[in-house]
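Below is one structure; the comments refer to it alone.
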Number of protein chains: 2
Amino acid sequence: MIVARPQSFRRKVNAAMEFRLSEVELPPLYCPLESAVHPHVRHIEKRAVEWVESSGMCASEREKAWVVATHSADFFARFAPVADDDRLLAAVLWVYWGFGFDDARCDSGPLSGRPAQFNALAGQVQRACETDSAVADDRFIGALQDIMRRFRSFAPPTQVHRFAQAHRAWLSGVSWQIGNQAAGRMPGLDEFLAMRLLSAGGHPTFALLELATGAEVPDRDLHHPSVQALTEMAIMVASLDNDRHSLHKELSHGQADQNIYTVLMAERGVPLQEAVDQANVLRDRILLRFLHLHDRVRPTAGTDLATYLQGLRYGVRGNNEWGMRVPRYLSLGHWPEELEHTLPAWADEPSDRRPGPVEQAPCIAWWWDSDVG
Amino acid sequence: MIVARPQSFRRKVNAAMEFRLSEVELPPLYCPLESAVHPHVRHIEKRAVEWVESSGMCASEREKAWVVATHSADFFARFAPVADDDRLLAAVLWVYWGFGFDDARCDSGPLSGRPAQFNALAGQVQRACETDSAVADDRFIGALQDIMRRFRSFAPPTQVHRFAQAHRAWLSGVSWQIGNQAAGRMPGLDEFLAMRLLSAGGHPTFALLELATGAEVPDRDLHHPSVQALTEMAIMVASLDNDRHSLHKELSHGQADQNIYTVLMAERGVPLQEAVDQANVLRDRILLRFLHLHDRVRPTAGTDLATYLQGLRYGVRGNNEWGMRVPRYLSLGHWPEELEHTLPAWADEPSDRRPGPVEQAPCIAWWWDSDVG
């Protein structure tokens with residue numbers, strides 16, 4: 001059964017986290033993937049912001065300002081640089097919605113340490129995602145149903161169903177994270193990776209690719225082990241990159257939430273700088289496997305699968321171009337600041353070229369199985 | 001947001017539940033569906049029991065006896081009366097596993113009121129369902145991985161993926177139920193139905209149909225709204241029938257767990273007998289819609305979809321033929337008794353013929369939408 005780590009772990013990690021960012025060196029990021037952004041991103045953003053303002057999902061002007069400042073249009077316009085405007089808009093609306101829900105109901109907010117209440121809310125939110133007839137007393141429900149109606153208006157039931165399943169996977173990961181938080185449990189590396197694969201929202205975000213681009217990946221392609229592995233690896237790299245993006249904020253709050261750094265510090269008993277370097281190595285080794293496997297799968301992919309695979313690549317890259325500049329992770333004040341205009345520094349080489357699987361992480365070891373590709 | 005009902009509700013319901021079964025009249029059950037059982041059921045049962053005994057998933061002889069006494073072979077041999085033996089065996093093993101896990105980790109057992117701990121276990125179990133490389137310290141993990149290896153050995157990735165998604169849906173429902181239990185929340189009817197659709201395990205059980213029969217339902221068929229509605233309705237009728245089967249046991253324990261009767265008593269302020277009658281009406285109205293919609297969809301169904309739809313019918317019927325006789329619901333002692341040999345009494349007519357949607361249940365109202373069929 002699950003054994004909670006001693007509370008002293010968390011205290012030790014908390015103490016070790018009391019660095020300032022200036023004392024921690026973030027290595028440049030290896031990300032040799034194509035960069036692109038949808039040409040109508042500004043127009044999409046304008047329409048999305050109008051929707052956020054009239055959606056009824058925000059409880060205050062300040063909450064609205066933080067949702068708008070997620071620049072979700074910029075984010076997803078990088079995942080789907082070629083997409084019909086109305087499709088892209090609907091996908092972008094879900095990203096705004098997801099960040100809003102995350103901030104108000106998951107990461108922080110009154111339910112962040114109350115798993116019983118969160119489980120019930122997640123169940124009702126998920127049902128609202130599945131059916132327009134569902135009713136529940138939460139300000140995020142109606143806005144989600146509006147988005148889902150848009151998806152149903154232009155996408156076949158299979159693509160909408162895939163998104164809804166991905167949505168449940170995300171909520172299950174958030175439940176897991178909130179449970180750990182409530183129980184004061186710092187997960188080990190392997191458990192953390194399995195949880196983070198779900199809780200960062202990568203499943204629904206990448207499931208938006210089909211909805212936005214109109215690609216309809218055949219079942220036998222999408223569920224082929226090599227494509228499943230590529231999907232999971234893209235999600236994992238993007239999720240670990242998000243831990244990197246939010247390190248600044250976490251350090252400034254002196255928090256020791258569950259992220260790749262606190263987990264490595266607790267599991268391996270290393271200081272923050274070493275955890276940062278080890279996380280970078282782990283992440284680069286996953287990205288290398290992604291690049292290698294992608295190059296084996298792509299040449300024989302049909303049109304729709306190729307569109308999807310390119311979307312995974314755009315997404316991993318775009319997530320960084322967005323995440324290194326967005327006020328969500330950089331602004332520390334009461335109100336969000338403007339989008340940063342500096343460009344991130346990229347690494348020319350990965351920090352580690354050892355083939356996998358990475359150590360102490362059996363739950364993702366199958367990505368390196370020889371029969372995967 | 002979610003508001004907890006006053007604790008006095010639960011106390012009142014507890015008091016009202018202090019009937020003996022002899023004082024409550026269960027109406028005969030309307031179930032005009034085909035009855036069948038796989039001809040090799042005894043042989044499959046023998047092999048399955050040997051597996052249970054060597055699987056390592058049971059902590060004691062008594063636990064093993066109760067798992068064996070679920071007669072899961074009899075149960076699922078009724079869902080898939082035509083199936084290859086090895087495929088049926090693997091499906092049956094999951095049913096034994098599911099009941100064992102449910103009893104030790106969900107409905108009762110130390111986690112039944114601890115949502116934080118259950119969420120983490122559910123996450124690890126789900127990951128083990130998805131990948132053979134996952135490792136976790138729980139006696140149910142290795143047994144589940146053995147079953148999943150069997151599925152992967154004979155079924156395409158799409159069918160295994162569908163089962164894994166259904167598995168996550170089930171665990172999310174159990175998390176919801178455990179959360180309510182921990183918080184002392186009695187859900188309203190609408191919330192209960194959304195939760196019960198998941199928590200009773202109907203999604204993975206019906207996802208076993210493709211694995212057992214070898215049917216490969218095309219995506220566009222399976223996710224068509226009419227087939228999704230039929231799947232959900234079959235799950236809901238079977239789940240409500242399970243509440244009926246376990247009423248005897250719940251009454252004998254004087255418990256007021258979340259079931260259709262306690263929910264109706266709390267929501268509508270009615271005594272148990274009236275709740276029993278109202279639940280029967282609600283269930284019959286769903287079954288009538290199922291029968292009507294089935295007859296519209298079936299004539300144009302391809303071979304694989306027809307096999308699946310017939311499986312839904314066999315399943316709803318078989319669940320009752322099994323549930324009315326199984327020691328899981330009838331034995332009250334420390335050790336399970338034998339399977340009952342009495343046959344259930346069937347109703348010739350439904351208790352109510354009003355068309356739907358049923359009242360106070362918006363989360364399932366879409367089953368009656370005219371564009372569903």
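Letters for chains follow the order of the structure tokens (A, B, ...), residue numbers begin at 1 for each chain, and ligand numbers begin at 1 in the order shown.
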
Distance-based interface of chain A with chain B, 6 Å, counting only C-alpha atoms, as a ChimeraX atom specification: /A:1,115-116,119-120,133-134,137-138,157-158,176,179,223,362-363,366

Quick one: pick out all alpha helix (DSSP H) residues within range 188-364 of chain A from a backbone DSSP run and write them as a PyMOL selection string. chain A and resi 189-199+202-213+219-222+225-245+247-253+260-268+272-297+303-323+327-330

Just the residues within 10 Å of Asp241 in chain A, please, counting only C-alpha atoms, with nothing from its chain fewer than 4 positions along; format it as a count of residues only. 16

Report the distance between CA of Phe151 in chain B and CA of Ala90 in chain B in Å, rounded to one decimal place.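 The value is 6.9 Å.
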
Which of B:Trp97, B:Leu193, B:His341, B:Leu312 sits closest to Gly56 in chain B [using only C-alpha atoms]: B:Trp97

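CA of Asp102 in chain A is found 17.8 Å from CA of Trp322 in chain A.
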